[in-house]
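Have a look at data12.cif; it's mmCIF, C-alpha atoms:
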data_model
loop_
_atom_site.label_atom_id
_atom_site.label_comp_id
_atom_site.auth_asym_id
_atom_site.auth_seq_id
_atom_site.Cartn_x
_atom_site.Cartn_y
_atom_site.Cartn_z
CA ILE A 50 100.45 107.05 135.13
CA PHE A 51 103.62 107.44 137.17
CA LYS A 52 106.58 107.65 134.83
CA PHE A 53 107.24 108.54 131.21
CA GLN A 54 110.98 108.02 130.67
CA ASP A 55 112.49 104.79 129.27
CA TYR A 56 109.35 102.92 130.29
CA MET A 57 105.85 103.93 131.31
CA ILE A 58 104.06 102.81 134.47
CA LEU A 59 100.28 102.89 134.78
CA ILE A 60 97.89 101.84 137.50
CA ALA A 61 95.09 100.78 135.15
CA ASP A 62 91.55 100.48 136.43
CA TYR A 63 89.96 100.30 133.00
CA ASN A 64 88.03 97.14 132.21
CA ALA A 65 88.02 95.23 128.92
CA PRO A 66 89.70 97.78 126.61
CA LYS A 67 89.08 97.22 122.93
CA PRO A 68 91.40 94.78 121.11
CA HIS A 69 94.55 96.67 120.22
CA LYS A 70 98.25 96.28 119.57
CA HIS A 71 101.06 98.78 119.79
CA LEU A 72 104.78 99.36 119.98
CA ALA A 73 105.25 98.50 123.61
CA SER A 74 105.78 95.16 125.30
CA HIS A 75 104.07 94.81 128.70
CA ILE A 76 104.33 93.50 132.18
CA ILE A 77 100.86 93.46 133.76
CA ILE A 78 100.23 92.52 137.40
CA SER A 79 96.71 92.15 138.80
CA LEU A 80 96.01 93.99 142.04
CA GLY A 81 93.13 91.58 142.66
CA LYS A 82 92.33 88.09 141.49
CA GLU A 83 92.98 86.53 138.09
CA MET A 84 92.73 88.59 134.92
CA ASN A 85 91.21 87.30 131.70
CA TRP A 86 93.18 88.03 128.54
CA GLN A 87 92.48 87.38 124.90
CA ILE A 88 95.85 87.34 123.16
CA GLU A 89 95.42 86.96 119.43
CA ASN A 90 93.14 83.88 119.30
CA GLU A 91 94.00 82.47 122.71
CA ASN A 92 92.22 82.98 126.05
CA VAL A 93 94.50 83.25 129.08
CA LYS A 94 93.78 83.49 132.82
CA CYS A 95 96.58 84.68 135.09
CA ARG A 96 97.62 87.07 137.86
CA GLY A 97 100.66 88.35 136.00
CA ILE A 98 101.63 88.35 132.34
CA CYS A 99 104.17 89.67 129.84
CA ILE A 100 102.84 90.52 126.37
CA ASN A 101 105.08 91.20 123.40
CA SER A 102 104.85 94.31 121.23
CA ASN A 103 102.59 94.34 118.16
CA ILE A 104 100.44 91.50 119.53
CA LEU A 105 96.66 91.95 119.33
CA HIS A 106 95.21 91.70 122.83
CA ARG A 107 92.47 92.79 125.18
CA GLY A 108 91.93 92.13 128.87
CA THR A 109 89.39 92.08 131.66
CA MET A 110 90.76 93.07 135.05
CA THR A 111 89.30 92.91 138.53
CA GLU A 112 87.92 96.07 140.11
CA GLU A 113 91.19 96.59 141.99
CA GLY A 114 92.94 97.25 138.68
CA SER A 115 96.51 96.35 137.74
CA ILE A 116 100.09 97.57 137.54
CA VAL A 117 101.17 98.01 133.92
CA PHE A 118 104.72 98.52 132.67
CA LEU A 119 105.16 99.50 129.02
CA PHE A 120 108.50 99.14 127.24
CA THR A 121 109.11 100.29 123.67
CA GLU A 122 111.80 98.48 121.71
CA THR A 123 114.13 101.39 122.48
CA SER A 124 113.75 100.95 126.24
CA ARG A 125 116.88 99.79 128.03
CA TYR A 126 114.80 96.96 129.53
CA ALA A 127 113.17 95.63 126.34
CA ALA A 128 116.00 93.24 125.47
CA SER A 129 116.09 91.92 129.04
CA LEU A 130 112.31 91.33 129.03
CA ASN A 131 112.51 89.37 125.79
CA LYS A 132 115.52 87.35 126.93
CA LYS A 133 114.08 86.56 130.38
CA TYR A 134 110.46 85.81 129.51
CA LEU A 135 109.19 86.30 125.98
CA ASN A 136 111.87 84.76 123.76
CA ASP A 137 110.04 86.29 120.77
CA ASN A 138 106.77 84.57 121.81
CA SER A 139 103.44 86.42 121.99
CA TYR A 140 103.21 86.25 125.79
CA ALA A 141 104.54 84.63 128.95
CA ILE A 142 102.71 84.07 132.25
CA LEU A 143 104.51 85.27 135.38
CA ASP A 144 104.96 82.84 138.25
CA ASP A 145 102.62 83.53 141.19
CA ASN A 146 105.63 83.79 143.54
CA ILE A 147 106.91 86.73 141.51
CA VAL A 148 103.46 88.33 141.53
CA ASP A 149 103.21 87.96 145.32
CA LYS A 150 106.60 89.65 145.83
CA ILE A 151 105.62 92.51 143.51
CA LEU A 152 102.32 93.07 145.32
CA LYS A 153 104.13 93.12 148.66
CA GLU A 154 106.38 95.92 147.38
CA TYR A 155 103.43 97.78 145.88
CA TYR A 156 101.32 97.80 149.04
CA GLU A 157 104.30 98.86 151.12
CA TYR A 158 104.81 101.71 148.63
CA ASN A 159 101.50 103.25 149.78
CA ASN A 160 103.41 104.64 152.74
CA ASN A 161 106.22 106.06 150.60
CA ILE A 162 106.62 108.83 148.03
CA GLU A 163 108.44 107.02 145.24
CA PHE A 164 106.81 104.28 143.19
CA PRO A 165 108.90 101.08 143.65
CA ASP A 166 109.47 100.48 139.94
CA ALA A 167 113.18 99.67 140.30
CA MET A 168 112.38 97.06 142.95
CA ILE A 169 109.62 95.54 140.82
CA LEU A 170 111.91 95.29 137.81
CA ASP A 171 114.54 93.66 140.02
CA ILE A 172 112.00 91.12 141.31
CA CYS A 173 111.17 90.29 137.69
CA GLY A 174 114.87 89.78 137.04
CA LEU A 175 115.08 92.60 134.51
CA ASP A 176 117.98 95.01 134.11
CA ALA A 177 119.37 97.51 131.64
CA LYS A 178 122.60 95.62 130.99
CA ASP A 179 121.42 93.89 127.81
CA SER A 180 122.45 96.74 125.56
CA HIS A 181 120.75 97.17 122.21
CA GLY A 182 124.07 98.00 120.63
CA TYR A 183 122.45 100.57 118.37
CA ASP A 184 124.31 102.51 115.73
CA LYS A 185 125.42 105.77 117.39
CA ARG A 186 123.14 107.66 115.00
CA ILE A 187 120.11 105.85 116.42
CA ASP A 188 121.17 106.64 119.98
CA ASP A 189 121.51 110.29 118.92
CA ILE A 190 118.03 110.26 117.35
CA ILE A 191 116.39 108.79 120.45
CA LYS A 192 118.08 111.29 122.75
CA TYR A 193 117.26 114.19 120.45
CA ILE A 194 113.55 113.29 120.29
CA ASN A 195 113.40 112.63 124.02
CA ASP A 196 114.83 116.08 124.80
CA LEU A 197 112.30 117.94 122.63
CA ASP A 198 109.35 119.73 124.20
CA THR A 199 107.46 119.51 120.91
CA ILE A 200 107.86 117.06 118.04
CA GLU A 201 107.33 119.38 115.09
CA HIS A 202 106.07 118.42 111.62
CA THR A 203 109.60 119.03 110.36
CA ILE A 204 111.14 116.41 112.67
CA VAL A 205 112.14 113.97 109.89
CA ASP A 206 113.76 116.75 107.85
CA ASP A 207 115.49 118.01 110.98
CA LEU A 208 116.89 114.57 111.74
CA CYS A 209 118.10 114.11 108.17
CA LYS A 210 119.96 117.42 108.31
CA LYS A 211 121.38 116.58 111.72
CA LEU A 212 122.70 113.20 110.57
CA TYR A 213 123.47 114.12 106.94
CA ILE A 214 121.43 111.22 105.51
CA SER A 215 118.39 110.91 103.22
CA LYS A 216 114.85 110.25 104.43
CA SER A 217 114.81 106.78 102.92
CA ARG A 218 118.13 105.91 104.57
CA LEU A 219 116.94 107.31 107.90
CA SER A 220 113.72 105.26 107.80
CA HIS A 221 115.56 102.09 106.81
CA LEU A 222 118.24 102.53 109.46
CA PHE A 223 115.73 103.20 112.24
CA LYS A 224 113.56 100.20 111.36
CA GLU A 225 116.59 97.94 110.92
CA GLN A 226 118.00 98.87 114.33
CA THR A 227 114.87 99.24 116.49
CA LYS A 228 112.37 96.88 114.78
CA MET A 229 109.84 99.72 114.57
CA THR A 230 109.16 102.42 112.03
CA LEU A 231 110.27 105.95 112.76
CA HIS A 232 106.70 107.14 112.11
CA SER A 233 105.31 104.78 114.78
CA TYR A 234 108.00 105.72 117.26
CA LEU A 235 107.27 109.42 116.80
CA ALA A 236 103.54 108.81 117.40
CA PHE A 237 104.31 106.94 120.62
CA GLU A 238 106.67 109.69 121.78
CA LYS A 239 104.07 112.38 121.09
CA LEU A 240 101.60 110.43 123.18
CA ARG A 241 104.13 109.98 125.97
CA LYS A 242 104.82 113.72 125.99
CA THR A 243 101.07 114.44 126.02
CA TYR A 244 100.65 112.31 129.15
CA GLY A 245 103.51 114.19 130.76
CA TYR A 246 101.88 117.54 130.10
CA LEU A 247 98.48 116.31 131.30
CA SER A 248 100.09 115.14 134.54
CA LYS A 249 101.30 118.71 135.10
CA GLY A 250 97.75 120.06 134.93
CA MET A 251 97.62 121.14 131.29
CA ASN A 252 94.29 120.81 129.48
CA ILE A 253 93.85 118.27 126.68
CA THR A 254 94.06 120.71 123.78
CA ASP A 255 97.20 122.47 124.97
CA ALA A 256 98.91 119.21 125.94
CA CYS A 257 98.23 117.57 122.57
CA ILE A 258 99.36 120.57 120.53
CA LEU A 259 102.48 121.14 122.62
CA ALA A 260 103.44 117.47 122.23
CA GLY A 261 103.20 117.82 118.46
CA PHE A 262 99.80 116.42 117.45
CA ASP A 263 97.81 118.19 114.75
CA SER A 264 94.73 118.26 116.96
CA PRO A 265 93.25 116.74 120.13
CA SER A 266 91.21 114.34 117.96
CA HIS A 267 94.41 113.06 116.33
CA CYS A 268 95.91 112.48 119.78
CA ALA A 269 92.71 110.80 121.02
CA SER A 270 92.63 108.38 118.09
CA THR A 271 96.31 107.52 118.66
CA CYS A 272 95.64 106.87 122.36
CA LYS A 273 92.68 104.62 121.53
CA ARG A 274 94.60 102.76 118.84
CA MET A 275 97.72 102.19 120.93
CA PHE A 276 96.23 101.51 124.36
CA GLY A 277 92.54 100.82 123.73
CA ILE A 278 91.57 103.55 126.20
CA SER A 279 90.08 107.03 125.96
CA LEU A 280 92.31 110.11 126.20
CA ARG A 281 89.54 111.83 128.17
CA ASP A 282 89.63 108.98 130.71
CA VAL A 283 93.38 109.49 131.07
CA HIS A 284 92.85 113.23 131.58
CA LYS A 285 90.05 112.59 134.08
CA LYS A 286 92.32 110.32 136.11
CA PHE A 287 95.06 112.96 136.26
CA LYS A 288 92.52 115.53 137.48
CA GLN A 289 91.33 113.13 140.18
CA ILE A 290 94.90 112.57 141.35
CA ALA A 291 95.59 116.33 141.39
CA SER A 292 92.49 117.03 143.48
CA LYS A 293 93.56 114.64 146.26
#

Would you mind writing the file's structure down as structure tokens?
Amino acid sequence: IFKFQDYMILIADYNAPKPHKHLASHIIISLGKEMNWQIENENVKCRGICINSNILHRGTMTEEGSIVFLFTETSRYAASLNKKYLNDNSYAILDDNIVDKILKEYYEYNNNIEFPDAMILDICGLDAKDSHGYDKRIDDIIKYINDLDTIEHTIVDDLCKKLYISKSRLSHLFKEQTKMTLHSYLAFEKLRKTYGYLSKGMNITDACILAGFDSPSHCASTCKRMFGISLRDVHKKFKQIASK
């Protein structure tokens, strides 16, 4: 996992995760040959694919793994991804020419420090110009949550006091504007913060609790439900990277 802000980037070497769906839309690029995906009831073979949020899916990747971009609905790039490729469909296959250009950038990156995410997004034709046009209160909520070290149990009450609105109004406004529930968004943000803390060398228990989860088991079940992968596998990968 390389980045945690606005969008997440993973180099995924897991194989055939369990069927799952979550808040994030994807761009997935195979680092090897074709991938096999089961998207809802359809089987798809491809080298690159975009998958919409809240779509049940599972995939089998080659041993080389894949590049995975994850965009929540609040990401600055989500609207551009939908407009360019998905058009509210379940998935869209990327042209092989685009995949080849992305892989060229990726393999050249091996000699550099910074992951070439901006270049890859540009190759895909995505930008942050398609503004969501959120109510200012929603922009304030997203920034407030993003800036927190810990998402406390009192977060909903805190937001209501900050914005001078009721819980029901807050929930309705957030879902109306972002197309996701506030509860789901908070779970995703806790998980994102957990990954950030793990990447800094923190152990699983401390990272989960600091992010705002009740327990490591709660965090692990959220990780499995949202991404179909084990939290311990994520932690193991961070430790392997740190030891290099």

Who sits within 9 Å of region 269-275 of chain A, all atoms listed in the file, same chain under 6 positions skipped, as an mmCIF file with C-alpha atoms, in the coordinates of the input:
data_model
loop_
_atom_site.group_PDB
_atom_site.id
_atom_site.type_symbol
_atom_site.label_atom_id
_atom_site.label_comp_id
_atom_site.auth_asym_id
_atom_site.auth_seq_id
_atom_site.Cartn_x
_atom_site.Cartn_y
_atom_site.Cartn_z
ATOM 1 C CA LYS A 67 89.080 97.220 122.930
ATOM 2 C CA PRO A 68 91.400 94.780 121.110
ATOM 3 C CA HIS A 69 94.550 96.670 120.220
ATOM 4 C CA LYS A 70 98.250 96.280 119.570
ATOM 5 C CA HIS A 71 101.060 98.780 119.790
ATOM 6 C CA LEU A 72 104.780 99.360 119.980
ATOM 7 C CA ALA A 73 105.250 98.500 123.610
ATOM 8 C CA ALA A 236 103.540 108.810 117.400
ATOM 9 C CA PHE A 237 104.310 106.940 120.620
ATOM 10 C CA LEU A 240 101.600 110.430 123.180
ATOM 11 C CA CYS A 257 98.230 117.570 122.570
ATOM 12 C CA ARG A 281 89.540 111.830 128.170
#

message = Which residues would end up in the selection if the PyMOL selection byres ((chain A and resi 258) around 10) were applied here, given that I need the answer as a list of chain:residue names?
response = A:Thr199, A:Ile200, A:Glu201, A:Lys239, A:Thr243, A:Ile253, A:Thr254, A:Asp255, A:Ala256, A:Cys257, A:Leu259, A:Ala260, A:Gly261, A:Phe262, A:Asp263, A:Ser264, A:Pro265, A:His267, A:Cys268

message = Report as a VMD selection string all protein, DNA and RNA residues lying within 12 Å of Asp188 (chain A), evaluated on only C-alpha atoms, omitting residues in the same chain fewer than 6 positions from it.
response = chain A and resid 123 to 125 180 to 182 194 to 195 212 222 to 223 226 to 227

query = Mind pulling up the distance from CA of Arg96 (chain A) to CA of Ile78 (chain A)?
reply =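 Result for CA of Ile78 (chain A) versus CA of Arg96 (chain A): 6.1 Å, one decimal.
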
ask   = Neighbours of Val283 (chain A) within 12 Å (only C-alpha atoms; same-chain residues fewer than 2 positions away dropped), as a PyMOL selection string?
value = chain A and resi 50+59-63+240-241+243-248+252-253+268-269+272-273+276-281+285-290

Quick one: apply the PyMOL selection byres ((chain A and resi 142) around 8) to the file and drop the selected residues here as a tab-separated table (two decimals) with C-alpha atoms, in the coordinates of the input.
chain	number	residue	atom	x	y	z
A	95	CYS	CA	96.58	84.68	135.09
A	97	GLY	CA	100.66	88.35	136.00
A	98	ILE	CA	101.63	88.35	132.34
A	99	CYS	CA	104.17	89.67	129.84
A	140	TYR	CA	103.21	86.25	125.79
A	141	ALA	CA	104.54	84.63	128.95
A	143	LEU	CA	104.51	85.27	135.38
A	144	ASP	CA	104.96	82.84	138.25

Determine the residue membership of the PyMOL selection byres ((chain A and resi 130) around 9) for the file above and supply it as an mmCIF file with C-alpha atoms, keeping the file's coordinate frame.
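Contents of selection_17.cif, freshly written:
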data_model
loop_
_atom_site.group_PDB
_atom_site.id
_atom_site.type_symbol
_atom_site.label_atom_id
_atom_site.label_comp_id
_atom_site.auth_asym_id
_atom_site.auth_seq_id
_atom_site.Cartn_x
_atom_site.Cartn_y
_atom_site.Cartn_z
ATOM 1 C CA SER A 74 105.780 95.160 125.300
ATOM 2 C CA HIS A 75 104.070 94.810 128.700
ATOM 3 C CA ILE A 76 104.330 93.500 132.180
ATOM 4 C CA CYS A 99 104.170 89.670 129.840
ATOM 5 C CA PHE A 120 108.500 99.140 127.240
ATOM 6 C CA TYR A 126 114.800 96.960 129.530
ATOM 7 C CA ALA A 127 113.170 95.630 126.340
ATOM 8 C CA ALA A 128 116.000 93.240 125.470
ATOM 9 C CA SER A 129 116.090 91.920 129.040
ATOM 10 C CA ASN A 131 112.510 89.370 125.790
ATOM 11 C CA LYS A 132 115.520 87.350 126.930
ATOM 12 C CA LYS A 133 114.080 86.560 130.380
ATOM 13 C CA TYR A 134 110.460 85.810 129.510
ATOM 14 C CA LEU A 135 109.190 86.300 125.980
ATOM 15 C CA ASN A 136 111.870 84.760 123.760
ATOM 16 C CA CYS A 173 111.170 90.290 137.690
ATOM 17 C CA GLY A 174 114.870 89.780 137.040
ATOM 18 C CA LEU A 175 115.080 92.600 134.510
ATOM 19 C CA ASP A 176 117.980 95.010 134.110
#

message = One number please: CA of Tyr234 (chain A) to CA of His106 (chain A), in Å, one decimal.
response =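 That distance, rounded to one decimal, is 19.8 Å.
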
message = Just checking: using all atoms listed in the file, which residue out of A:Ile169, A:Leu208, A:Tyr213, A:Glu89 ends up closest to Asn103 (chain A)?
response =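 Distance minimum relative to Asn103 (chain A) lands on A:Glu89.
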
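The residue that comes closest to Asp55 (chain A), out of A:Glu112, A:Glu157, A:Asp207, A:Glu122 and on the basis of all atoms listed in the file, is A:Glu122.
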
ask   = Can you tell me how far CA of Tyr158 (chain A) sits from CA of Asn146 (chain A), in Å to one decimal?
value = 18.6 Å

key: Nearest candidate to Thr121 (chain A) (options A:His221, A:Ser102, A:Ile88, A:Lys210; using only C-alpha atoms)   =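 Of A:His221, A:Ser102, A:Ile88, A:Lys210, the one nearest Thr121 (chain A) is A:Ser102, counting only C-alpha atoms.
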
message = What's around Ile151 (chain A) at 8 Å? Count only C-alpha atoms, leave out sequence neighbours fewer than 4 positions away in its own chain, and write the answer as a list in words.
response =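 After dropping sequence-adjacent residues, the list is Ile147, Tyr155, Ile169 and Ile172 of chain A.
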
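Among the candidate residues A:Gly81, A:Asp282, A:Leu119, A:Glu238, the one lying nearest to Lys192 (chain A) is A:Glu238, with distances computed using all atoms listed in the file.
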